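Okay, so here's the structure we're looking at.
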Amino acid sequence: MKIIKMTFKADGKFTLETSGFKGTACREATKTIEAAMGEVTGRTMKAEACQATGVQQQQKAGQ
Amino acid sequence: MSHFTTIKTQIKDIEAVKAACAELGLKVEKDAIARGYYGNDLKGEYVIRLKGPYDIALNRNATSTFDLATDWYAGHVEREVGKEYRRLIQLYGVHKATIEARRKGWQVQRVQRGEEIHLTIIGLPV
């Protein structure tokens with residue numbers, strides 16, 4: 001299941017974490033929210049396996 | 001692939017500000033004067049009317065985000081919205097994220113753990 005988790009800390013900062021996405025779909029899903037919230041100061045792709053959804057995705061991952 | 005993102009919250013949405021203020025029991029006025037120490041008042045495109053003697057003025061800057069200005073004297077404002085507006089910004093972020101997620105038709109679950117507020121967004125298309 002695709003999930004977006006957001007943690008809002010007492011110091012005013014927050015982090016966003018996605019899970020359950022394939023390929024680069026996570027970036028697409030959160031693009032609007034991230035832009036609406038403010039300035040992205042850091043992004044880390046998770047170490048879980050990058051699952052391709054088709055030939056086109058595999059080609060992009062290989063670039 | 002999934003990812004972590006760190007974001008510095010920018011105040012952009014006055015509706016989210018109003019929702020955050022409502023949660024704090026505060027009102028937002030349009031085109032008003034924010035009270036400051038010893039009559040040092042400040043005009044605001046919006047003003048968060050605090051319960052103490054001073055208020056917070058919001059004015060849009062060149063990047064269309066809102067700058068906040070207030071009088072921090074004697075801790076009156078800090079007691080209501082946190083040091084450096086942290087409590088207000090936290091709640092603004094929670095409400096802004098909720099608005100954006102619901103606009104997409106997603107569901108939002110909110111949980112408070114200590115001083116942190118956690119949102120879990122589900123219902124994204126398969």
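Within each chain, counting starts at residue 1; across the structure tokens, chains are named A, B, ... in the order shown, with ligands numbered 1 upward in that order.
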- request: Provide as a PyMOL selection string the residues of chain B at most 9 Å from chain A, counting only C-alpha atoms.
  value: chain B and resi 1-13+82-91+93-94+96-97+100-101+115-126
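Backbone DSSP over range 5-83 of chain B gives helix (DSSP H, G or I) for Ile14, Glu15, Ala16, Val17, Lys18, Ala19, Ala20, Cys21, Ala22, Glu23, Tyr37, Tyr38, Gly39, Tyr73, Ala74, Gly75, His76, Val77, Glu78, Arg79, Glu80, Val81 and Lys83 of chain B.
Taking CA of Lys104 in chain B and CA of Ala16 in chain B as the two end points, the separation is 16.1 Å.
The space between CA of Arg49 in chain B and CA of Ala22 in chain B spans 11.1 Å.
Excluding Cys21 in chain B and any residue on its chain fewer than 5 positions from it, the residues at most 8 Å away by only C-alpha atoms are Leu26, Lys27, Val28, Ile48 and Leu88 of chain B.
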query: What separation in Å, quoted to one decimal, exists between CA of Gly25 in chain B and CA of Arg113 in chain B?
result: 21.1 Å
- request: Go through range 35-116 of chain B and collect every residue that DSSP, computed from the backbone, puts in strand (DSSP E or B); the answer should be as number ranges by chain.
  value: B: 42-49, 56-60, 66-70, 107-113, 116
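The residue that comes closest to Ile33 in chain B, out of B:Arg110, B:Ile56, B:Lys51, B:Ala74 and on the basis of only C-alpha atoms, is B:Ile56.
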- request: Just the residues within 9 Å of range 53-55 of chain B, please, counting only C-alpha atoms, with nothing from its chain fewer than 6 positions along; format it as a PyMOL selection string.
  value: chain B and resi 33-37+41-42+47+69-73+76-77
